[in-house]
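Colleague: One structure, pasted below without further comment.
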Amino acid sequence: MTQIFDEDTRADFAQNYPETPHRLRHNLRDHPLLTLDALAQLGEGLPATSVEYNKGDLPTGVDPNSDIANGLSIGDTIRTVDVCRSWAVLKNIEQVPEYRTLLLDLLGELKPIIESRTGAMLMPQGFIFVSSPDAVTPYHFDPEHNILLQLKGSKTMTQFPAGDPAYAPDETHEAYHTGGHRNLVWREELARGATDWTLEPEQAVFVPVMAPHHVKVGPDPSISLSITWRSDWSYAEADARAFNSVLRKSGLRPRAPGRYPAQNKAKAFVWRVIRKLRRAG
């Protein structure tokens, strides 16, 4: 496989990973696995739990319990993405051998940098987003280290500082890590903390763990590939958040886990013991 990230891009990634958002360049273009027809077939072959698709004409903030289905199949959504006013995400593409090879080849170019900072690259996953013109992905966060590669069309990812409770309250983190939704409550005053990353084909952006963001597609249909991974640090941060939920329900006001390079091992260990006991019971 031809090298996707050039030397300058890898140097920029090394300078900024794991906590600083930054732009990258890639030369992943015209790949036969990433055409609309190939993606429609992929979506039709994935299990239902690995496919999500909804209306695209949504506000930035969405009630997690609202009905936003588009009434189409996943295949029809992707094949008619230019007119159906929807967005679709194909999750865990690594379930399909050809896509797993693609994902691991991409991450393999960055693996030495990743592992020198945050240890073993764990749980590599890939997500493909296919979106109609002007589609919106609402305000949310994700638990993985993430690079979003733009393949077709354009989109603007609006990011907010990771770990700042002004943009994602500690209680919301705690709820998510104990089974809640990742969507966040949007308020217009949050916009003052935004950084916009407008992406064209052959551009990408790095998203730190749990950095809040929302996305708006440009005037043409968009295809993006998100390559993600976890680290011991990201798992410890998540488990410490979950343990904080136990403390908060006991009437305490726990301190939020530290961002990288804080390890958060003590709270993570206690939560893992609690989780093991709950499963055993």
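Naming works like this for the structure tokens: A, B, ... for the chains as they're shown, residue 1 at the start of each chain, ligands 1 onward in shown order.
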Excluding same-chain residues fewer than 5 positions from segment 141-146 of chain A, what lies within 7 Å of it counting only C-alpha atoms, as a VMD selection string?
Modeller: chain A and resid 182 to 183 206 to 213 226 to 230
Colleague: Could you write those residues out with C-alpha atoms, as a compact mmCIF listing (two decimals), in the first residue's frame?
Modeller:
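Here's the written file result_35.txt:
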# COMPACT_ATOMS: atom_id res chain seq x y z
CA ARG A 182 -22.62 10.61 24.12
CA ASN A 183 -24.70 13.53 22.81
CA PHE A 206 -6.87 14.88 14.95
CA VAL A 207 -9.48 14.77 17.72
CA PRO A 208 -8.25 14.22 21.30
CA VAL A 209 -10.07 11.76 23.57
CA MET A 210 -13.46 13.13 24.68
CA ALA A 211 -13.03 16.47 22.90
CA PRO A 212 -16.58 17.78 22.31
CA HIS A 213 -17.40 18.52 18.68
CA SER A 226 -12.50 7.98 11.09
CA ILE A 227 -9.58 5.85 12.32
CA THR A 228 -9.53 5.39 16.08
CA TRP A 229 -7.68 3.61 18.84
CA ARG A 230 -7.63 3.38 22.62
Colleague: Write out as an MDAnalysis selection string the residues lying within 12 Å of Ala48 of chain A, counting only C-alpha atoms and excluding same-chain residues fewer than 3 positions away.
Modeller: chainID A and resid 42:45 51:53 73:74 89:92
Colleague: Restricted to N, CA and C atoms, what would the selected residues look like written as a PDB file, in the first residue's frame?
Modeller:
ATOM      1  N   LEU A  42     -21.147  -2.534   1.810  1.00  0.00           N
ATOM      2  CA  LEU A  42     -20.605  -2.752   3.154  1.00  0.00           C
ATOM      3  C   LEU A  42     -21.695  -2.563   4.199  1.00  0.00           C
ATOM      4  N   GLY A  43     -22.459  -1.472   4.075  1.00  0.00           N
ATOM      5  CA  GLY A  43     -23.525  -1.202   5.031  1.00  0.00           C
ATOM      6  C   GLY A  43     -24.575  -2.288   5.059  1.00  0.00           C
ATOM      7  N   GLU A  44     -24.902  -2.826   3.907  1.00  0.00           N
ATOM      8  CA  GLU A  44     -25.913  -3.885   3.837  1.00  0.00           C
ATOM      9  C   GLU A  44     -25.408  -5.197   4.430  1.00  0.00           C
ATOM     10  N   GLY A  45     -24.089  -5.366   4.462  1.00  0.00           N
ATOM     11  CA  GLY A  45     -23.522  -6.597   4.995  1.00  0.00           C
ATOM     12  C   GLY A  45     -23.165  -6.560   6.463  1.00  0.00           C
ATOM     13  N   VAL A  51     -24.487  -0.231  12.221  1.00  0.00           N
ATOM     14  CA  VAL A  51     -24.963   0.733  11.229  1.00  0.00           C
ATOM     15  C   VAL A  51     -25.874   1.739  11.922  1.00  0.00           C
ATOM     16  N   GLU A  52     -25.637   3.016  11.651  1.00  0.00           N
ATOM     17  CA  GLU A  52     -26.514   4.069  12.160  1.00  0.00           C
ATOM     18  C   GLU A  52     -26.747   5.062  11.045  1.00  0.00           C
ATOM     19  N   TYR A  53     -27.996   5.431  10.826  1.00  0.00           N
ATOM     20  CA  TYR A  53     -28.273   6.421   9.802  1.00  0.00           C
ATOM     21  C   TYR A  53     -29.559   7.156  10.175  1.00  0.00           C
ATOM     22  N   SER A  73     -33.561   2.377   3.913  1.00  0.00           N
ATOM     23  CA  SER A  73     -32.574   1.369   4.294  1.00  0.00           C
ATOM     24  C   SER A  73     -31.190   1.997   4.268  1.00  0.00           C
ATOM     25  N   ILE A  74     -30.216   1.305   4.853  1.00  0.00           N
ATOM     26  CA  ILE A  74     -28.861   1.845   4.838  1.00  0.00           C
ATOM     27  C   ILE A  74     -28.322   1.900   3.412  1.00  0.00           C
ATOM     28  N   VAL A  89     -23.429   6.298   9.313  1.00  0.00           N
ATOM     29  CA  VAL A  89     -22.110   5.889   9.811  1.00  0.00           C
ATOM     30  C   VAL A  89     -22.065   4.369   9.823  1.00  0.00           C
ATOM     31  N   LEU A  90     -20.997   3.828   9.246  1.00  0.00           N
ATOM     32  CA  LEU A  90     -20.732   2.396   9.246  1.00  0.00           C
ATOM     33  C   LEU A  90     -19.673   2.152  10.303  1.00  0.00           C
ATOM     34  N   LYS A  91     -20.034   1.417  11.341  1.00  0.00           N
ATOM     35  CA  LYS A  91     -19.187   1.283  12.525  1.00  0.00           C
ATOM     36  C   LYS A  91     -18.389  -0.014  12.480  1.00  0.00           C
ATOM     37  N   ASN A  92     -17.195   0.063  13.046  1.00  0.00           N
ATOM     38  CA  ASN A  92     -16.358  -1.130  13.190  1.00  0.00           C
ATOM     39  C   ASN A  92     -16.165  -1.841  11.856  1.00  0.00           C
TER      40      ASN A  92
END
Colleague: Go through A:Leu190, A:Ala175, A:Leu225, A:Leu72 one by one, measure the shortest atom-to-atom distance of each to Lys249 of chain A using only C-alpha atoms, and give the residue with the smallest value.
Modeller: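 Comparing A:Leu190, A:Ala175, A:Leu225, A:Leu72 against Lys249 of chain A, the winner is A:Ala175.
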Colleague: Need to verify the contact set: Asp134 of chain A, 12 Å, only C-alpha atoms, exclusion of same-chain residues closer than 2 positions in sequence. Can you return it as an MDAnalysis selection string?
Modeller: chainID A and resid 55:60 81:87 130:132 136:137 153:156 215:222
Colleague: Could you give me the residues within segment 6-229 of chain A that DSSP places in alpha helix (DSSP H), as a ChimeraX atom specification?
Modeller: /A:7-16,36-45,74-79,97-118,170-176
Colleague: If you run DSSP on the backbone, which residues of segment 49-278 of chain A are strand (DSSP E or B), as a tab-separated table (two decimals) with N, CA, C and O atoms, in the first residue's frame?
Modeller:
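So the final result, stored in states-v6.tsv, reads:
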chain	number	residue	atom	x	y	z
A	51	VAL	N	-24.49	-0.23	12.22
A	51	VAL	CA	-24.96	0.73	11.23
A	51	VAL	C	-25.87	1.74	11.92
A	51	VAL	O	-26.75	1.37	12.70
A	52	GLU	N	-25.64	3.02	11.65
A	52	GLU	CA	-26.51	4.07	12.16
A	52	GLU	C	-26.75	5.06	11.04
A	52	GLU	O	-25.80	5.47	10.37
A	53	TYR	N	-28.00	5.43	10.83
A	53	TYR	CA	-28.27	6.42	9.80
A	53	TYR	C	-29.56	7.16	10.17
A	53	TYR	O	-30.51	6.58	10.68
A	54	ASN	N	-29.53	8.47	9.94
A	54	ASN	CA	-30.60	9.34	10.41
A	54	ASN	C	-30.79	10.49	9.45
A	54	ASN	O	-30.02	10.67	8.51
A	55	LYS	N	-31.81	11.27	9.72
A	55	LYS	CA	-31.98	12.53	9.02
A	55	LYS	C	-30.74	13.39	9.21
A	55	LYS	O	-30.11	13.36	10.26
A	86	SER	N	-29.62	13.04	4.57
A	86	SER	CA	-29.35	12.13	5.68
A	86	SER	C	-27.86	12.02	5.93
A	86	SER	O	-27.04	12.51	5.15
A	87	TRP	N	-27.51	11.38	7.04
A	87	TRP	CA	-26.12	10.97	7.26
A	87	TRP	C	-26.13	9.53	7.75
A	87	TRP	O	-27.09	9.07	8.38
A	88	ALA	N	-25.07	8.82	7.42
A	88	ALA	CA	-24.94	7.42	7.82
A	88	ALA	C	-23.53	7.20	8.35
A	88	ALA	O	-22.57	7.81	7.89
A	89	VAL	N	-23.43	6.30	9.31
A	89	VAL	CA	-22.11	5.89	9.81
A	89	VAL	C	-22.06	4.37	9.82
A	89	VAL	O	-22.99	3.70	10.31
A	90	LEU	N	-21.00	3.83	9.25
A	90	LEU	CA	-20.73	2.40	9.25
A	90	LEU	C	-19.67	2.15	10.30
A	90	LEU	O	-18.54	2.63	10.18
A	91	LYS	N	-20.03	1.42	11.34
A	91	LYS	CA	-19.19	1.28	12.53
A	91	LYS	C	-18.39	-0.01	12.48
A	91	LYS	O	-18.85	-1.03	11.98
A	122	LEU	N	-4.39	0.19	21.34
A	122	LEU	CA	-5.42	-0.80	21.66
A	122	LEU	C	-6.69	-0.54	20.86
A	122	LEU	O	-7.00	0.60	20.51
A	123	MET	N	-7.44	-1.60	20.60
A	123	MET	CA	-8.76	-1.51	20.01
A	123	MET	C	-8.82	-0.63	18.76
A	123	MET	O	-9.58	0.34	18.70
A	124	PRO	N	-8.03	-0.91	17.74
A	124	PRO	CA	-8.15	-0.12	16.51
A	124	PRO	C	-9.52	-0.33	15.87
A	124	PRO	O	-9.99	-1.46	15.73
A	125	GLN	N	-10.17	0.77	15.53
A	125	GLN	CA	-11.51	0.71	14.95
A	125	GLN	C	-11.61	1.74	13.82
A	125	GLN	O	-10.91	2.75	13.81
A	126	GLY	N	-12.51	1.45	12.88
A	126	GLY	CA	-12.75	2.37	11.78
A	126	GLY	C	-14.23	2.66	11.63
A	126	GLY	O	-15.08	1.77	11.83
A	127	PHE	N	-14.55	3.90	11.29
A	127	PHE	CA	-15.93	4.34	11.10
A	127	PHE	C	-15.98	5.16	9.81
A	127	PHE	O	-15.14	6.05	9.61
A	128	ILE	N	-16.94	4.88	8.96
A	128	ILE	CA	-17.08	5.62	7.71
A	128	ILE	C	-18.38	6.41	7.76
A	128	ILE	O	-19.45	5.87	8.07
A	129	PHE	N	-18.28	7.71	7.47
A	129	PHE	CA	-19.42	8.62	7.49
A	129	PHE	C	-19.77	9.00	6.05
A	129	PHE	O	-18.91	9.47	5.31
A	130	VAL	N	-21.02	8.80	5.69
A	130	VAL	CA	-21.53	9.19	4.38
A	130	VAL	C	-22.67	10.17	4.62
A	130	VAL	O	-23.66	9.82	5.28
A	131	SER	N	-22.56	11.39	4.11
A	131	SER	CA	-23.48	12.45	4.51
A	131	SER	C	-23.97	13.24	3.32
A	131	SER	O	-23.23	13.51	2.38
A	136	VAL	N	-25.85	17.64	9.41
A	136	VAL	CA	-25.26	18.00	10.70
A	136	VAL	C	-25.12	16.75	11.56
A	136	VAL	O	-26.06	15.95	11.67
A	137	THR	N	-23.94	16.56	12.14
A	137	THR	CA	-23.74	15.59	13.20
A	137	THR	C	-23.77	16.37	14.51
A	137	THR	O	-22.94	17.25	14.73
A	138	PRO	N	-24.73	16.09	15.39
A	138	PRO	CA	-24.92	16.94	16.58
A	138	PRO	C	-23.73	16.91	17.54
A	138	PRO	O	-22.83	16.06	17.46
A	139	TYR	N	-23.78	17.83	18.47
A	139	TYR	CA	-22.75	18.05	19.49
A	139	TYR	C	-22.61	16.81	20.36
A	139	TYR	O	-23.58	16.35	20.97
A	140	HIS	N	-21.38	16.26	20.44
A	140	HIS	CA	-21.15	15.02	21.19
A	140	HIS	C	-19.67	14.87	21.49
A	140	HIS	O	-18.86	15.69	21.08
A	145	HIS	N	-9.01	8.05	20.84
A	145	HIS	CA	-8.13	8.89	20.04
A	145	HIS	C	-8.61	8.75	18.59
A	145	HIS	O	-8.88	7.63	18.13
A	146	ASN	N	-8.67	9.85	17.85
A	146	ASN	CA	-9.38	9.80	16.57
A	146	ASN	C	-8.71	10.71	15.54
A	146	ASN	O	-8.34	11.84	15.85
A	147	ILE	N	-8.58	10.19	14.31
A	147	ILE	CA	-8.22	11.03	13.16
A	147	ILE	C	-9.33	10.90	12.14
A	147	ILE	O	-9.70	9.79	11.74
A	148	LEU	N	-9.90	12.02	11.74
A	148	LEU	CA	-10.96	12.05	10.73
A	148	LEU	C	-10.37	12.47	9.40
A	148	LEU	O	-9.85	13.58	9.27
A	149	LEU	N	-10.43	11.57	8.42
A	149	LEU	CA	-9.88	11.82	7.09
A	149	LEU	C	-11.02	12.14	6.12
A	149	LEU	O	-11.97	11.36	5.99
A	150	GLN	N	-10.93	13.28	5.46
A	150	GLN	CA	-11.94	13.66	4.48
A	150	GLN	C	-11.58	13.06	3.12
A	150	GLN	O	-10.47	13.24	2.63
A	151	LEU	N	-12.54	12.35	2.51
A	151	LEU	CA	-12.30	11.65	1.25
A	151	LEU	C	-13.03	12.27	0.07
A	151	LEU	O	-12.52	12.27	-1.06
A	152	LYS	N	-14.24	12.77	0.31
A	152	LYS	CA	-15.05	13.35	-0.76
A	152	LYS	C	-15.88	14.48	-0.17
A	152	LYS	O	-16.38	14.38	0.94
A	155	LYS	N	-16.37	19.20	4.88
A	155	LYS	CA	-17.13	19.34	6.11
A	155	LYS	C	-16.32	20.19	7.08
A	155	LYS	O	-15.09	20.30	6.95
A	156	THR	N	-17.02	20.79	8.02
A	156	THR	CA	-16.37	21.56	9.08
A	156	THR	C	-16.64	20.89	10.41
A	156	THR	O	-17.79	20.73	10.81
A	157	MET	N	-15.56	20.45	11.06
A	157	MET	CA	-15.67	19.94	12.42
A	157	MET	C	-15.37	21.09	13.37
A	157	MET	O	-14.30	21.70	13.31
A	158	THR	N	-16.29	21.37	14.25
A	158	THR	CA	-16.12	22.39	15.26
A	158	THR	C	-15.79	21.71	16.57
A	158	THR	O	-16.61	20.98	17.13
A	159	GLN	N	-14.55	21.92	17.05
A	159	GLN	CA	-14.08	21.26	18.26
A	159	GLN	C	-14.05	22.23	19.43
A	159	GLN	O	-13.89	23.44	19.26
A	183	ASN	N	-24.29	12.19	23.23
A	183	ASN	CA	-24.70	13.53	22.81
A	183	ASN	C	-24.68	14.49	23.99
A	183	ASN	O	-24.99	14.13	25.13
A	195	THR	N	-13.26	25.93	17.92
A	195	THR	CA	-12.25	26.01	16.87
A	195	THR	C	-12.77	25.23	15.67
A	195	THR	O	-13.10	24.05	15.79
A	196	ASP	N	-12.88	25.91	14.52
A	196	ASP	CA	-13.41	25.28	13.32
A	196	ASP	C	-12.27	24.67	12.49
A	196	ASP	O	-11.25	25.33	12.23
A	197	TRP	N	-12.47	23.43	12.08
A	197	TRP	CA	-11.53	22.73	11.20
A	197	TRP	C	-12.28	22.36	9.93
A	197	TRP	O	-13.05	21.39	9.90
A	198	THR	N	-12.11	23.14	8.89
A	198	THR	CA	-12.76	22.86	7.62
A	198	THR	C	-11.87	21.93	6.80
A	198	THR	O	-10.69	22.21	6.58
A	199	LEU	N	-12.44	20.81	6.38
A	199	LEU	CA	-11.69	19.76	5.73
A	199	LEU	C	-12.13	19.58	4.28
A	199	LEU	O	-13.33	19.47	4.00
A	203	GLN	N	-7.40	16.12	3.33
A	203	GLN	CA	-7.11	16.73	4.62
A	203	GLN	C	-7.74	15.90	5.73
A	203	GLN	O	-8.70	15.15	5.52
A	204	ALA	N	-7.18	16.03	6.93
A	204	ALA	CA	-7.67	15.30	8.09
A	204	ALA	C	-7.47	16.16	9.33
A	204	ALA	O	-6.75	17.16	9.30
A	205	VAL	N	-8.13	15.77	10.42
A	205	VAL	CA	-7.96	16.48	11.68
A	205	VAL	C	-7.87	15.45	12.80
A	205	VAL	O	-8.57	14.42	12.79
A	206	PHE	N	-6.99	15.72	13.77
A	206	PHE	CA	-6.87	14.88	14.95
A	206	PHE	C	-7.81	15.38	16.03
A	206	PHE	O	-7.88	16.59	16.30
A	207	VAL	N	-8.52	14.44	16.66
A	207	VAL	CA	-9.48	14.77	17.72
A	207	VAL	C	-9.03	14.09	19.01
A	207	VAL	O	-9.02	12.85	19.10
A	213	HIS	N	-17.42	18.00	20.04
A	213	HIS	CA	-17.40	18.52	18.68
A	213	HIS	C	-18.76	18.33	18.03
A	213	HIS	O	-19.58	17.51	18.46
A	214	HIS	N	-19.00	19.12	17.00
A	214	HIS	CA	-20.13	18.89	16.09
A	214	HIS	C	-19.63	19.13	14.68
A	214	HIS	O	-18.57	19.72	14.46
A	215	VAL	N	-20.38	18.63	13.70
A	215	VAL	CA	-19.90	18.61	12.32
A	215	VAL	C	-20.99	19.09	11.38
A	215	VAL	O	-22.16	18.73	11.53
A	216	LYS	N	-20.58	19.89	10.40
A	216	LYS	CA	-21.51	20.36	9.36
A	216	LYS	C	-20.89	20.07	8.00
A	216	LYS	O	-19.76	20.47	7.72
A	217	VAL	N	-21.64	19.36	7.16
A	217	VAL	CA	-21.17	19.02	5.82
A	217	VAL	C	-21.35	20.23	4.90
A	217	VAL	O	-22.27	21.04	5.07
A	222	SER	N	-20.63	14.07	1.20
A	222	SER	CA	-19.35	13.90	1.89
A	222	SER	C	-19.13	12.44	2.26
A	222	SER	O	-20.06	11.74	2.67
A	223	ILE	N	-17.88	11.99	2.11
A	223	ILE	CA	-17.44	10.71	2.65
A	223	ILE	C	-16.21	10.99	3.51
A	223	ILE	O	-15.27	11.66	3.07
A	224	SER	N	-16.23	10.49	4.74
A	224	SER	CA	-15.11	10.64	5.67
A	224	SER	C	-14.81	9.30	6.31
A	224	SER	O	-15.71	8.47	6.50
A	225	LEU	N	-13.57	9.10	6.66
A	225	LEU	CA	-13.13	7.90	7.36
A	225	LEU	C	-12.51	8.30	8.69
A	225	LEU	O	-11.58	9.11	8.73
A	226	SER	N	-13.03	7.73	9.76
A	226	SER	CA	-12.50	7.98	11.09
A	226	SER	C	-11.72	6.76	11.53
A	226	SER	O	-12.25	5.64	11.58
A	227	ILE	N	-10.42	6.95	11.82
A	227	ILE	CA	-9.58	5.85	12.32
A	227	ILE	C	-9.30	6.14	13.79
A	227	ILE	O	-8.85	7.21	14.16
A	228	THR	N	-9.59	5.16	14.64
A	228	THR	CA	-9.53	5.39	16.08
A	228	THR	C	-8.79	4.27	16.79
A	228	THR	O	-8.64	3.16	16.27
A	229	TRP	N	-8.35	4.59	18.00
A	229	TRP	CA	-7.68	3.61	18.84
A	229	TRP	C	-7.83	4.04	20.28
A	229	TRP	O	-8.15	5.19	20.58
A	230	ARG	N	-7.61	3.09	21.20
A	230	ARG	CA	-7.63	3.38	22.62
A	230	ARG	C	-6.23	3.18	23.18
A	230	ARG	O	-5.34	2.62	22.53
Colleague: Could you state the separation of atom CA of Thr35 of chain A and atom CA of Ile78 of chain A in Å, given to one decimal place?
Modeller: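 Atom CA of Ile78 of chain A lies 10.2 Å from atom CA of Thr35 of chain A.
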Colleague: Need the shell around Arg272 of chain A: protein/DNA/RNA residues with any atom at most 10 Å away, counting only C-alpha atoms. Skip same-chain ones fewer than 2 positions apart. Format as a PyMOL selection string?
Modeller: chain A and resi 236+239-240+242-243+267-270+274-278
Colleague: Pull all heavy atoms from the residues just selected and write them as a compact mmCIF listing (two decimals), in the first residue's frame.
Modeller:
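So result03.txt came out as:
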# COMPACT_ATOMS: atom_id res chain seq x y z
N ALA A 236 -8.22 4.23 31.51
CA ALA A 236 -8.17 4.62 32.91
C ALA A 236 -8.99 5.88 33.15
O ALA A 236 -9.69 6.00 34.17
CB ALA A 236 -6.73 4.83 33.36
N ASP A 239 -12.65 4.79 33.17
CA ASP A 239 -13.02 4.06 34.38
C ASP A 239 -13.03 4.96 35.61
O ASP A 239 -13.86 4.78 36.51
CB ASP A 239 -12.07 2.89 34.59
CG ASP A 239 -12.29 1.78 33.56
OD1 ASP A 239 -13.37 1.75 32.94
OD2 ASP A 239 -11.38 0.96 33.37
N ALA A 240 -12.14 5.94 35.64
CA ALA A 240 -12.16 6.90 36.76
C ALA A 240 -13.44 7.72 36.71
O ALA A 240 -14.02 8.03 37.76
CB ALA A 240 -10.93 7.80 36.69
N ALA A 242 -16.29 6.65 35.58
CA ALA A 242 -17.35 5.77 36.03
C ALA A 242 -17.35 5.66 37.56
O ALA A 242 -18.42 5.67 38.20
CB ALA A 242 -17.18 4.39 35.40
N PHE A 243 -16.17 5.57 38.16
CA PHE A 243 -16.10 5.50 39.61
C PHE A 243 -16.60 6.80 40.24
O PHE A 243 -17.26 6.79 41.28
CB PHE A 243 -14.68 5.20 40.08
CG PHE A 243 -14.55 5.11 41.58
CD1 PHE A 243 -15.29 4.18 42.30
CD2 PHE A 243 -13.72 5.98 42.26
CE1 PHE A 243 -15.17 4.12 43.68
CE2 PHE A 243 -13.61 5.92 43.64
CZ PHE A 243 -14.34 4.99 44.35
N LYS A 267 -8.51 5.38 40.94
CA LYS A 267 -9.96 5.32 40.73
C LYS A 267 -10.32 4.26 39.70
O LYS A 267 -11.34 3.56 39.83
CB LYS A 267 -10.48 6.69 40.30
CG LYS A 267 -10.56 7.71 41.41
CD LYS A 267 -11.16 9.02 40.92
CE LYS A 267 -11.32 10.01 42.05
NZ LYS A 267 -11.89 11.30 41.58
N ALA A 268 -9.51 4.15 38.65
CA ALA A 268 -9.78 3.14 37.62
C ALA A 268 -9.76 1.74 38.21
O ALA A 268 -10.61 0.90 37.90
CB ALA A 268 -8.77 3.27 36.49
N PHE A 269 -8.79 1.48 39.09
CA PHE A 269 -8.68 0.16 39.71
C PHE A 269 -9.92 -0.15 40.55
O PHE A 269 -10.48 -1.25 40.48
CB PHE A 269 -7.42 0.09 40.58
CG PHE A 269 -7.31 -1.19 41.36
CD1 PHE A 269 -6.88 -2.35 40.75
CD2 PHE A 269 -7.64 -1.22 42.71
CE1 PHE A 269 -6.78 -3.54 41.48
CE2 PHE A 269 -7.55 -2.40 43.44
CZ PHE A 269 -7.12 -3.55 42.82
N VAL A 270 -10.36 0.82 41.35
CA VAL A 270 -11.52 0.58 42.21
C VAL A 270 -12.76 0.32 41.36
O VAL A 270 -13.55 -0.59 41.65
CB VAL A 270 -11.74 1.78 43.16
CG1 VAL A 270 -13.01 1.57 43.98
CG2 VAL A 270 -10.55 1.96 44.08
N ILE A 274 -15.27 -2.97 41.31
CA ILE A 274 -16.72 -2.86 41.45
C ILE A 274 -17.42 -3.53 40.27
O ILE A 274 -18.38 -4.29 40.44
CB ILE A 274 -17.14 -1.38 41.57
CG1 ILE A 274 -16.64 -0.80 42.88
CG2 ILE A 274 -18.66 -1.24 41.45
CD1 ILE A 274 -16.85 0.71 43.01
N ARG A 275 -16.95 -3.26 39.08
CA ARG A 275 -17.57 -3.82 37.87
C ARG A 275 -17.47 -5.35 37.86
O ARG A 275 -18.44 -6.04 37.53
CB ARG A 275 -16.88 -3.24 36.63
CG ARG A 275 -17.49 -3.64 35.31
CD ARG A 275 -16.89 -2.82 34.19
NE ARG A 275 -15.43 -2.96 34.18
CZ ARG A 275 -14.62 -2.11 33.53
NH1 ARG A 275 -15.12 -1.07 32.88
NH2 ARG A 275 -13.32 -2.31 33.55
N LYS A 276 -16.32 -5.86 38.28
CA LYS A 276 -16.14 -7.32 38.33
C LYS A 276 -17.09 -7.94 39.35
O LYS A 276 -17.71 -8.99 39.09
CB LYS A 276 -14.69 -7.64 38.68
CG LYS A 276 -14.37 -9.11 38.65
CD LYS A 276 -12.90 -9.36 38.91
CE LYS A 276 -12.56 -10.85 38.86
NZ LYS A 276 -11.10 -11.08 39.08
N LEU A 277 -17.24 -7.29 40.52
CA LEU A 277 -18.14 -7.82 41.54
C LEU A 277 -19.58 -7.79 41.07
O LEU A 277 -20.36 -8.71 41.35
CB LEU A 277 -17.97 -7.01 42.83
CG LEU A 277 -16.64 -7.18 43.57
CD1 LEU A 277 -16.54 -6.21 44.73
CD2 LEU A 277 -16.47 -8.63 44.06
N ARG A 278 -19.97 -6.71 40.35
CA ARG A 278 -21.33 -6.62 39.84
C ARG A 278 -21.61 -7.73 38.84
O ARG A 278 -22.70 -8.33 38.84
CB ARG A 278 -21.57 -5.26 39.22
CG ARG A 278 -21.68 -4.11 40.21
CD ARG A 278 -21.86 -2.79 39.50
NE ARG A 278 -22.06 -1.69 40.45
CZ ARG A 278 -22.19 -0.42 40.09
NH1 ARG A 278 -22.09 -0.08 38.80
NH2 ARG A 278 -22.38 0.52 41.00
Colleague: With only C-alpha atoms as the counted atoms, please give the residues lying no more than 10 Å from Glu109 of chain A, apart from itself and same-chain residues fewer than 2 positions off, as a VMD selection string.
Modeller: chain A and resid 3 to 6 10 104 to 107 111 to 114
Colleague: Identify which of the residues A:Glu237, A:Glu19, A:Asp76, A:Glu202 lies closest to Glu174 of chain A, counting only C-alpha atoms when measuring atom-to-atom distances.
Modeller: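 The answer is A:Glu237, which sits nearest to Glu174 of chain A.
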Colleague: In Å, with one decimal, what is the gap from atom CA of Pro32 of chain A to atom CA of Gly108 of chain A?
Modeller: 20.1 Å
Colleague: With only C-alpha atoms as the basis for distance, which of A:Ser231, A:Thr118, A:Thr101, A:Asn244 is at the shortest distance from Glu171 of chain A?
Modeller: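 Of A:Ser231, A:Thr118, A:Thr101, A:Asn244, the one nearest Glu171 of chain A is A:Asn244, counting only C-alpha atoms.
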Colleague: Please compute the atom CA of Gly180 of chain A-atom CA of Val246 of chain A distance, one decimal, in Å.
Modeller: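 Atom-to-atom, atom CA of Gly180 of chain A to atom CA of Val246 of chain A, that is 14.2 Å.
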